[in-house]
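Chemist: Contents of run-v7.csv (CSV, N, CA and C atoms):
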```
chain,number,residue,atom,x,y,z
A,1,MET,N,-9.7,-24.6,-5.1
A,1,MET,CA,-10.1,-23.4,-5.8
A,1,MET,C,-9.6,-23.4,-7.2
A,2,LYS,N,-10.4,-22.8,-8.1
A,2,LYS,CA,-10.0,-22.7,-9.5
A,2,LYS,C,-9.1,-21.5,-9.6
A,3,GLN,N,-8.3,-21.6,-10.6
A,3,GLN,CA,-7.4,-20.4,-10.9
A,3,GLN,C,-7.8,-19.9,-12.3
A,4,TYR,N,-7.8,-18.6,-12.4
A,4,TYR,CA,-8.2,-17.9,-13.6
A,4,TYR,C,-7.1,-16.8,-14.0
A,5,GLU,N,-7.0,-16.5,-15.3
A,5,GLU,CA,-6.3,-15.3,-15.7
A,5,GLU,C,-7.4,-14.3,-16.0
A,6,MET,N,-7.3,-13.2,-15.3
A,6,MET,CA,-8.3,-12.1,-15.5
A,6,MET,C,-7.7,-10.9,-16.2
A,7,LEU,N,-8.4,-10.5,-17.3
A,7,LEU,CA,-8.1,-9.3,-18.0
A,7,LEU,C,-9.1,-8.3,-17.6
A,8,HIS,N,-8.6,-7.2,-17.0
A,8,HIS,CA,-9.4,-6.1,-16.6
A,8,HIS,C,-9.2,-4.9,-17.5
A,9,GLU,N,-10.3,-4.5,-18.2
A,9,GLU,CA,-10.2,-3.4,-19.1
A,9,GLU,C,-11.1,-2.2,-18.7
A,10,VAL,N,-10.6,-1.0,-18.7
A,10,VAL,CA,-11.3,0.2,-18.3
A,10,VAL,C,-11.4,1.0,-19.6
A,11,TYR,N,-12.7,1.3,-20.0
A,11,TYR,CA,-12.9,2.0,-21.2
A,11,TYR,C,-13.0,3.5,-21.0
A,12,ASN,N,-12.5,4.2,-22.1
A,12,ASN,CA,-12.6,5.7,-22.1
A,12,ASN,C,-14.1,6.1,-22.1
A,13,MET,N,-14.4,7.0,-21.1
A,13,MET,CA,-15.8,7.4,-21.0
A,13,MET,C,-16.3,8.2,-22.2
A,14,CYS,N,-15.4,8.9,-22.9
A,14,CYS,CA,-15.8,9.6,-24.1
A,14,CYS,C,-16.0,8.8,-25.4
A,15,ASP,N,-15.2,7.7,-25.4
A,15,ASP,CA,-15.3,6.8,-26.6
A,15,ASP,C,-15.1,5.4,-26.1
A,16,VAL,N,-16.3,4.7,-25.9
A,16,VAL,CA,-16.3,3.4,-25.4
A,16,VAL,C,-15.6,2.3,-26.2
A,17,THR,N,-15.2,2.7,-27.4
A,17,THR,CA,-14.5,1.7,-28.2
A,17,THR,C,-13.0,1.7,-27.9
A,18,LYS,N,-12.5,2.7,-27.1
A,18,LYS,CA,-11.1,2.8,-26.8
A,18,LYS,C,-10.8,2.4,-25.4
A,19,ILE,N,-9.8,1.6,-25.2
A,19,ILE,CA,-9.5,1.2,-23.8
A,19,ILE,C,-8.5,2.2,-23.2
A,20,LEU,N,-8.9,2.7,-22.0
A,20,LEU,CA,-8.1,3.6,-21.3
A,20,LEU,C,-7.0,3.0,-20.5
A,21,ASN,N,-7.3,1.8,-20.0
A,21,ASN,CA,-6.3,1.1,-19.2
A,21,ASN,C,-6.7,-0.4,-19.2
A,22,SER,N,-5.7,-1.3,-19.1
A,22,SER,CA,-5.9,-2.7,-19.0
A,22,SER,C,-4.8,-3.3,-18.1
A,23,SER,N,-5.2,-4.4,-17.5
A,23,SER,CA,-4.2,-5.2,-16.7
A,23,SER,C,-4.6,-6.6,-16.6
A,24,ILE,N,-3.6,-7.5,-16.4
A,24,ILE,CA,-3.8,-8.9,-16.3
A,24,ILE,C,-3.3,-9.4,-14.9
A,25,GLU,N,-4.2,-10.2,-14.3
A,25,GLU,CA,-3.7,-10.8,-13.0
A,25,GLU,C,-4.3,-12.2,-12.9
A,26,GLU,N,-3.7,-13.0,-12.0
A,26,GLU,CA,-4.2,-14.3,-11.7
A,26,GLU,C,-5.1,-14.2,-10.5
A,27,VAL,N,-6.2,-15.0,-10.5
A,27,VAL,CA,-7.2,-14.9,-9.5
A,27,VAL,C,-7.5,-16.4,-9.1
A,28,GLU,N,-7.7,-16.6,-7.8
A,28,GLU,CA,-8.2,-17.9,-7.3
A,28,GLU,C,-9.5,-17.7,-6.6
A,29,THR,N,-10.5,-18.4,-7.1
A,29,THR,CA,-11.9,-18.3,-6.6
A,29,THR,C,-12.7,-19.5,-7.0
A,30,ASP,N,-13.7,-19.9,-6.2
A,30,ASP,CA,-14.7,-20.9,-6.6
A,30,ASP,C,-16.0,-20.3,-7.1
A,31,ASP,N,-16.1,-18.9,-6.9
A,31,ASP,CA,-17.3,-18.3,-7.3
A,31,ASP,C,-17.0,-16.9,-7.9
A,32,LEU,N,-17.0,-16.9,-9.3
A,32,LEU,CA,-16.7,-15.7,-10.0
A,32,LEU,C,-17.7,-14.6,-9.8
A,33,ASP,N,-18.9,-14.9,-9.7
A,33,ASP,CA,-19.9,-13.9,-9.4
A,33,ASP,C,-19.6,-13.1,-8.1
A,34,GLN,N,-19.4,-13.9,-7.0
A,34,GLN,CA,-19.1,-13.3,-5.7
A,34,GLN,C,-17.8,-12.5,-5.8
A,35,TYR,N,-16.8,-13.0,-6.5
A,35,TYR,CA,-15.5,-12.3,-6.6
A,35,TYR,C,-15.7,-10.9,-7.3
A,36,VAL,N,-16.4,-10.9,-8.4
A,36,VAL,CA,-16.6,-9.7,-9.2
A,36,VAL,C,-17.4,-8.7,-8.3
A,37,HIS,N,-18.5,-9.2,-7.7
A,37,HIS,CA,-19.3,-8.3,-6.8
A,37,HIS,C,-18.5,-7.7,-5.6
A,38,SER,N,-17.5,-8.5,-5.1
A,38,SER,CA,-16.7,-8.0,-4.0
A,38,SER,C,-15.7,-6.9,-4.5
A,39,ARG,N,-15.3,-6.9,-5.8
A,39,ARG,CA,-14.4,-5.9,-6.3
A,39,ARG,C,-15.1,-4.6,-6.5
A,40,PHE,N,-16.4,-4.6,-6.6
A,40,PHE,CA,-17.2,-3.4,-6.9
A,40,PHE,C,-18.3,-3.2,-5.9
A,41,PRO,N,-18.0,-3.0,-4.6
A,41,PRO,CA,-19.1,-2.9,-3.7
A,41,PRO,C,-19.8,-1.5,-3.9
A,42,GLY,N,-21.1,-1.5,-3.6
A,42,GLY,CA,-21.8,-0.2,-3.7
A,42,GLY,C,-23.1,-0.4,-4.4
A,43,LYS,N,-23.9,0.6,-4.3
A,43,LYS,CA,-25.3,0.5,-4.8
A,43,LYS,C,-25.4,0.9,-6.3
A,44,ASN,N,-24.5,1.7,-6.8
A,44,ASN,CA,-24.6,2.3,-8.1
A,44,ASN,C,-23.8,1.5,-9.1
A,45,VAL,N,-23.8,0.2,-9.0
A,45,VAL,CA,-23.0,-0.7,-9.9
A,45,VAL,C,-23.9,-1.6,-10.7
A,46,GLN,N,-23.7,-1.6,-12.0
A,46,GLN,CA,-24.5,-2.6,-12.9
A,46,GLN,C,-23.5,-3.6,-13.4
A,47,ILE,N,-23.8,-4.9,-13.2
A,47,ILE,CA,-23.0,-6.0,-13.6
A,47,ILE,C,-23.7,-7.0,-14.4
A,48,GLU,N,-23.2,-7.3,-15.6
A,48,GLU,CA,-23.8,-8.3,-16.5
A,48,GLU,C,-22.8,-9.3,-16.8
A,49,ARG,N,-23.3,-10.6,-16.7
A,49,ARG,CA,-22.4,-11.7,-17.0
A,49,ARG,C,-22.7,-12.3,-18.4
A,50,GLY,N,-21.6,-12.7,-19.1
A,50,GLY,CA,-21.8,-13.3,-20.4
A,50,GLY,C,-20.7,-14.3,-20.6
A,51,ALA,N,-20.7,-15.0,-21.8
A,51,ALA,CA,-19.7,-15.9,-22.1
A,51,ALA,C,-19.4,-15.8,-23.6
A,52,LYS,N,-18.1,-16.0,-24.0
A,52,LYS,CA,-17.7,-16.0,-25.4
A,52,LYS,C,-17.7,-17.5,-25.8
A,53,LYS,N,-17.7,-17.7,-27.1
A,53,LYS,CA,-17.6,-19.0,-27.7
A,53,LYS,C,-16.4,-19.8,-27.3
A,54,ASP,N,-15.3,-19.2,-27.0
A,54,ASP,CA,-14.1,-19.9,-26.6
A,54,ASP,C,-14.1,-20.2,-25.1
A,55,GLY,N,-15.2,-20.0,-24.4
A,55,GLY,CA,-15.3,-20.3,-22.9
A,55,GLY,C,-14.9,-19.2,-22.0
A,56,THR,N,-14.4,-18.1,-22.5
A,56,THR,CA,-14.1,-16.9,-21.6
A,56,THR,C,-15.4,-16.4,-21.0
A,57,ILE,N,-15.3,-16.2,-19.7
A,57,ILE,CA,-16.4,-15.7,-18.9
A,57,ILE,C,-16.2,-14.2,-18.8
A,58,VAL,N,-17.2,-13.4,-19.2
A,58,VAL,CA,-17.1,-11.9,-19.3
A,58,VAL,C,-18.1,-11.2,-18.4
A,59,PHE,N,-17.6,-10.3,-17.6
A,59,PHE,CA,-18.5,-9.4,-16.8
A,59,PHE,C,-18.3,-8.0,-17.3
A,60,ASP,N,-19.4,-7.4,-17.7
A,60,ASP,CA,-19.4,-6.0,-18.1
A,60,ASP,C,-20.0,-5.2,-16.9
A,61,VAL,N,-19.2,-4.3,-16.5
A,61,VAL,CA,-19.5,-3.5,-15.3
A,61,VAL,C,-19.6,-2.0,-15.7
A,62,VAL,N,-20.6,-1.4,-15.1
A,62,VAL,CA,-20.8,0.1,-15.3
A,62,VAL,C,-20.8,0.6,-13.8
A,63,ILE,N,-19.9,1.5,-13.5
A,63,ILE,CA,-19.9,2.1,-12.2
A,63,ILE,C,-19.6,3.6,-12.4
A,64,ALA,N,-20.5,4.4,-11.9
A,64,ALA,CA,-20.5,5.9,-12.0
A,64,ALA,C,-20.3,6.3,-13.4
A,65,GLY,N,-21.0,5.6,-14.3
A,65,GLY,CA,-21.0,5.9,-15.8
A,65,GLY,C,-19.8,5.4,-16.5
A,66,GLN,N,-18.8,4.8,-15.8
A,66,GLN,CA,-17.6,4.3,-16.5
A,66,GLN,C,-17.8,2.8,-16.8
A,67,ARG,N,-17.5,2.4,-18.0
A,67,ARG,CA,-17.6,1.0,-18.4
A,67,ARG,C,-16.3,0.3,-18.2
A,68,GLN,N,-16.4,-0.9,-17.6
A,68,GLN,CA,-15.2,-1.8,-17.4
A,68,GLN,C,-15.6,-3.2,-17.8
A,69,ARG,N,-14.6,-4.0,-18.1
A,69,ARG,CA,-14.9,-5.4,-18.5
A,69,ARG,C,-13.8,-6.3,-17.8
A,70,LEU,N,-14.3,-7.4,-17.2
A,70,LEU,CA,-13.4,-8.4,-16.6
A,70,LEU,C,-13.7,-9.7,-17.4
A,71,SER,N,-12.6,-10.2,-17.9
A,71,SER,CA,-12.7,-11.4,-18.7
A,71,SER,C,-11.8,-12.5,-18.0
A,72,PHE,N,-12.4,-13.7,-17.8
A,72,PHE,CA,-11.8,-14.7,-17.1
A,72,PHE,C,-11.6,-16.0,-17.9
A,73,ASN,N,-10.4,-16.5,-17.9
A,73,ASN,CA,-10.0,-17.8,-18.6
A,73,ASN,C,-9.4,-18.7,-17.5
A,74,GLU,N,-10.0,-19.9,-17.4
A,74,GLU,CA,-9.5,-20.8,-16.5
A,74,GLU,C,-8.1,-21.3,-16.8
A,75,LEU,N,-7.2,-21.4,-15.9
A,75,LEU,CA,-5.9,-21.9,-16.1
A,75,LEU,C,-5.8,-23.4,-15.9
```
Starting from the file, give its structure as structure tokens.

Modeler:
Amino acid sequence: MKQYEMLHEVYNMCDVTKILNSSIEEVETDDLDQYVHSRFPGKNVQIERGAKKDGTIVFDVVIAGQRQRLSFNEL
């Protein structure tokens, strides 16, 4: 399995440019898409995957109107 450092950012609903909360954790998975979908089960979730130039894999998540971002860097 691959190991990643994951940065989880939760944005303020009133001002999406300000981070309300953030945390860093290590994650082991062979399928990032499945991992992210398993963290946010439910029908009212929007998930978009992208990548930065430095190789960071980014998932933008909107759940119940609140924006979150999960950024993964392989260790």

Chemist: How many Å separate CA of Gly50 in chain A from atom N of Ser71 in chain A?

Modeler: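 According to the coordinates, CA of Gly50 in chain A and atom N of Ser71 in chain A are separated by 10.0 Å.
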
Chemist: Mind the document's chain letters and residue numbers, and return as a PyMOL selection string the residues of chain A that DSSP labels alpha helix (DSSP H).

Modeler: chain A and resi 32-39

Chemist: Set the distance at 12 Å and use only C-alpha atoms: which residues neighbour Ala51 in chain A once local chain neighbours fewer than 5 positions away are removed? I'd like the list as a ChimeraX atom specification.

Modeler: /A:56-60,70-73

Chemist: Output N, CA and C atoms for every residue in that selection, as an mmCIF file, in the frame of the given file.

Modeler:
```
data_model
loop_
_atom_site.group_PDB
_atom_site.id
_atom_site.type_symbol
_atom_site.label_atom_id
_atom_site.label_comp_id
_atom_site.auth_asym_id
_atom_site.auth_seq_id
_atom_site.Cartn_x
_atom_site.Cartn_y
_atom_site.Cartn_z
ATOM 1 N N THR A 56 -14.400 -18.100 -22.500
ATOM 2 C CA THR A 56 -14.100 -16.900 -21.600
ATOM 3 C C THR A 56 -15.400 -16.400 -21.000
ATOM 4 N N ILE A 57 -15.300 -16.200 -19.700
ATOM 5 C CA ILE A 57 -16.400 -15.700 -18.900
ATOM 6 C C ILE A 57 -16.200 -14.200 -18.800
ATOM 7 N N VAL A 58 -17.200 -13.400 -19.200
ATOM 8 C CA VAL A 58 -17.100 -11.900 -19.300
ATOM 9 C C VAL A 58 -18.100 -11.200 -18.400
ATOM 10 N N PHE A 59 -17.600 -10.300 -17.600
ATOM 11 C CA PHE A 59 -18.500 -9.400 -16.800
ATOM 12 C C PHE A 59 -18.300 -8.000 -17.300
ATOM 13 N N ASP A 60 -19.400 -7.400 -17.700
ATOM 14 C CA ASP A 60 -19.400 -6.000 -18.100
ATOM 15 C C ASP A 60 -20.000 -5.200 -16.900
ATOM 16 N N LEU A 70 -14.300 -7.400 -17.200
ATOM 17 C CA LEU A 70 -13.400 -8.400 -16.600
ATOM 18 C C LEU A 70 -13.700 -9.700 -17.400
ATOM 19 N N SER A 71 -12.600 -10.200 -17.900
ATOM 20 C CA SER A 71 -12.700 -11.400 -18.700
ATOM 21 C C SER A 71 -11.800 -12.500 -18.000
ATOM 22 N N PHE A 72 -12.400 -13.700 -17.800
ATOM 23 C CA PHE A 72 -11.800 -14.700 -17.100
ATOM 24 C C PHE A 72 -11.600 -16.000 -17.900
ATOM 25 N N ASN A 73 -10.400 -16.500 -17.900
ATOM 26 C CA ASN A 73 -10.000 -17.800 -18.600
ATOM 27 C C ASN A 73 -9.400 -18.700 -17.500
#
```

Chemist: Could you tell me which of A:His8, A:Arg49, A:Arg67, A:Lys43 comes closest to Glu25 in chain A if we count all atoms listed in the file?

Modeler: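 Closest candidate: A:His8.
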
Chemist: Please compute the CA of His37 in chain A-CA of Glu9 in chain A distance, one decimal, in Å.

Modeler: 16.1 Å

Chemist: DSSP on the backbone, strand (DSSP E or B) only: what residues of range 16-61 of chain A does that give? Format it as a list in words.

Modeler: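 Residues meeting the strand (DSSP E or B) criterion: Ile19, Leu20, Asn21, Ser22, Ser23, Ile24, Glu25, Glu26, Val27, Glu28, Thr29, Val45, Gln46, Ile47, Glu48, Arg49, Gly50, Ala51, Ile57, Val58, Phe59, Asp60 and Val61 of chain A.
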
Chemist: Using only N, CA and C atoms, please write the residues we just selected to a file, as a compact mmCIF listing (two decimals), in the frame of the given file.

Modeler:
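Output file again_35.txt follows:
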```txt
# COMPACT_ATOMS: atom_id res chain seq x y z
N ILE A 19 -9.80 1.60 -25.20
CA ILE A 19 -9.50 1.20 -23.80
C ILE A 19 -8.50 2.20 -23.20
N LEU A 20 -8.90 2.70 -22.00
CA LEU A 20 -8.10 3.60 -21.30
C LEU A 20 -7.00 3.00 -20.50
N ASN A 21 -7.30 1.80 -20.00
CA ASN A 21 -6.30 1.10 -19.20
C ASN A 21 -6.70 -0.40 -19.20
N SER A 22 -5.70 -1.30 -19.10
CA SER A 22 -5.90 -2.70 -19.00
C SER A 22 -4.80 -3.30 -18.10
N SER A 23 -5.20 -4.40 -17.50
CA SER A 23 -4.20 -5.20 -16.70
C SER A 23 -4.60 -6.60 -16.60
N ILE A 24 -3.60 -7.50 -16.40
CA ILE A 24 -3.80 -8.90 -16.30
C ILE A 24 -3.30 -9.40 -14.90
N GLU A 25 -4.20 -10.20 -14.30
CA GLU A 25 -3.70 -10.80 -13.00
C GLU A 25 -4.30 -12.20 -12.90
N GLU A 26 -3.70 -13.00 -12.00
CA GLU A 26 -4.20 -14.30 -11.70
C GLU A 26 -5.10 -14.20 -10.50
N VAL A 27 -6.20 -15.00 -10.50
CA VAL A 27 -7.20 -14.90 -9.50
C VAL A 27 -7.50 -16.40 -9.10
N GLU A 28 -7.70 -16.60 -7.80
CA GLU A 28 -8.20 -17.90 -7.30
C GLU A 28 -9.50 -17.70 -6.60
N THR A 29 -10.50 -18.40 -7.10
CA THR A 29 -11.90 -18.30 -6.60
C THR A 29 -12.70 -19.50 -7.00
N VAL A 45 -23.80 0.20 -9.00
CA VAL A 45 -23.00 -0.70 -9.90
C VAL A 45 -23.90 -1.60 -10.70
N GLN A 46 -23.70 -1.60 -12.00
CA GLN A 46 -24.50 -2.60 -12.90
C GLN A 46 -23.50 -3.60 -13.40
N ILE A 47 -23.80 -4.90 -13.20
CA ILE A 47 -23.00 -6.00 -13.60
C ILE A 47 -23.70 -7.00 -14.40
N GLU A 48 -23.20 -7.30 -15.60
CA GLU A 48 -23.80 -8.30 -16.50
C GLU A 48 -22.80 -9.30 -16.80
N ARG A 49 -23.30 -10.60 -16.70
CA ARG A 49 -22.40 -11.70 -17.00
C ARG A 49 -22.70 -12.30 -18.40
N GLY A 50 -21.60 -12.70 -19.10
CA GLY A 50 -21.80 -13.30 -20.40
C GLY A 50 -20.70 -14.30 -20.60
N ALA A 51 -20.70 -15.00 -21.80
CA ALA A 51 -19.70 -15.90 -22.10
C ALA A 51 -19.40 -15.80 -23.60
N ILE A 57 -15.30 -16.20 -19.70
CA ILE A 57 -16.40 -15.70 -18.90
C ILE A 57 -16.20 -14.20 -18.80
N VAL A 58 -17.20 -13.40 -19.20
CA VAL A 58 -17.10 -11.90 -19.30
C VAL A 58 -18.10 -11.20 -18.40
N PHE A 59 -17.60 -10.30 -17.60
CA PHE A 59 -18.50 -9.40 -16.80
C PHE A 59 -18.30 -8.00 -17.30
N ASP A 60 -19.40 -7.40 -17.70
CA ASP A 60 -19.40 -6.00 -18.10
C ASP A 60 -20.00 -5.20 -16.90
N VAL A 61 -19.20 -4.30 -16.50
CA VAL A 61 -19.50 -3.50 -15.30
C VAL A 61 -19.60 -2.00 -15.70
```

Chemist: What does the distance between CA of Gly55 in chain A and CA of Ile19 in chain A come to in Å, to one decimal place?

Modeler: 22.3 Å

Chemist: Select, from A:Ser38, A:Thr29, A:Asn44, A:Asn12, the residue with the minimum atom-to-atom distance to Gln68 in chain A, counting only N, CA and C atoms.

Modeler: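 Looking at the shortest contact to Gln68 in chain A, the residue is A:Asn12.
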
Chemist: I need the residue nearest Val10 in chain A from this list: A:Asp54, A:Gln34, A:Pro41, A:Ser22. Use all atoms listed in the file for the distance.

Modeler: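 Using all atoms listed in the file, the shortest distance to Val10 in chain A belongs to A:Ser22.
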
Chemist: Kindly indicate which residue among A:Lys53, A:Asp31, A:Gly42, A:Ser23 lies nearest to Glu5 in chain A, using only C-alpha atoms for the distances.

Modeler: A:Ser23

Chemist: Could you check which of A:Leu7, A:Ala64, A:Ile47, A:Met1 is closest to Glu26 in chain A, using all atoms listed in the file?

Modeler: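 Among the listed residues, the smallest separation from Glu26 in chain A belongs to A:Leu7.
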
Chemist: Between A:Gln66, A:Val61, A:Leu32, A:Gln3, which has the minimum distance to Gln46 in chain A (counting all atoms listed in the file)?

Modeler: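 Among A:Gln66, A:Val61, A:Leu32, A:Gln3, it is A:Val61 that comes nearest to Gln46 in chain A.
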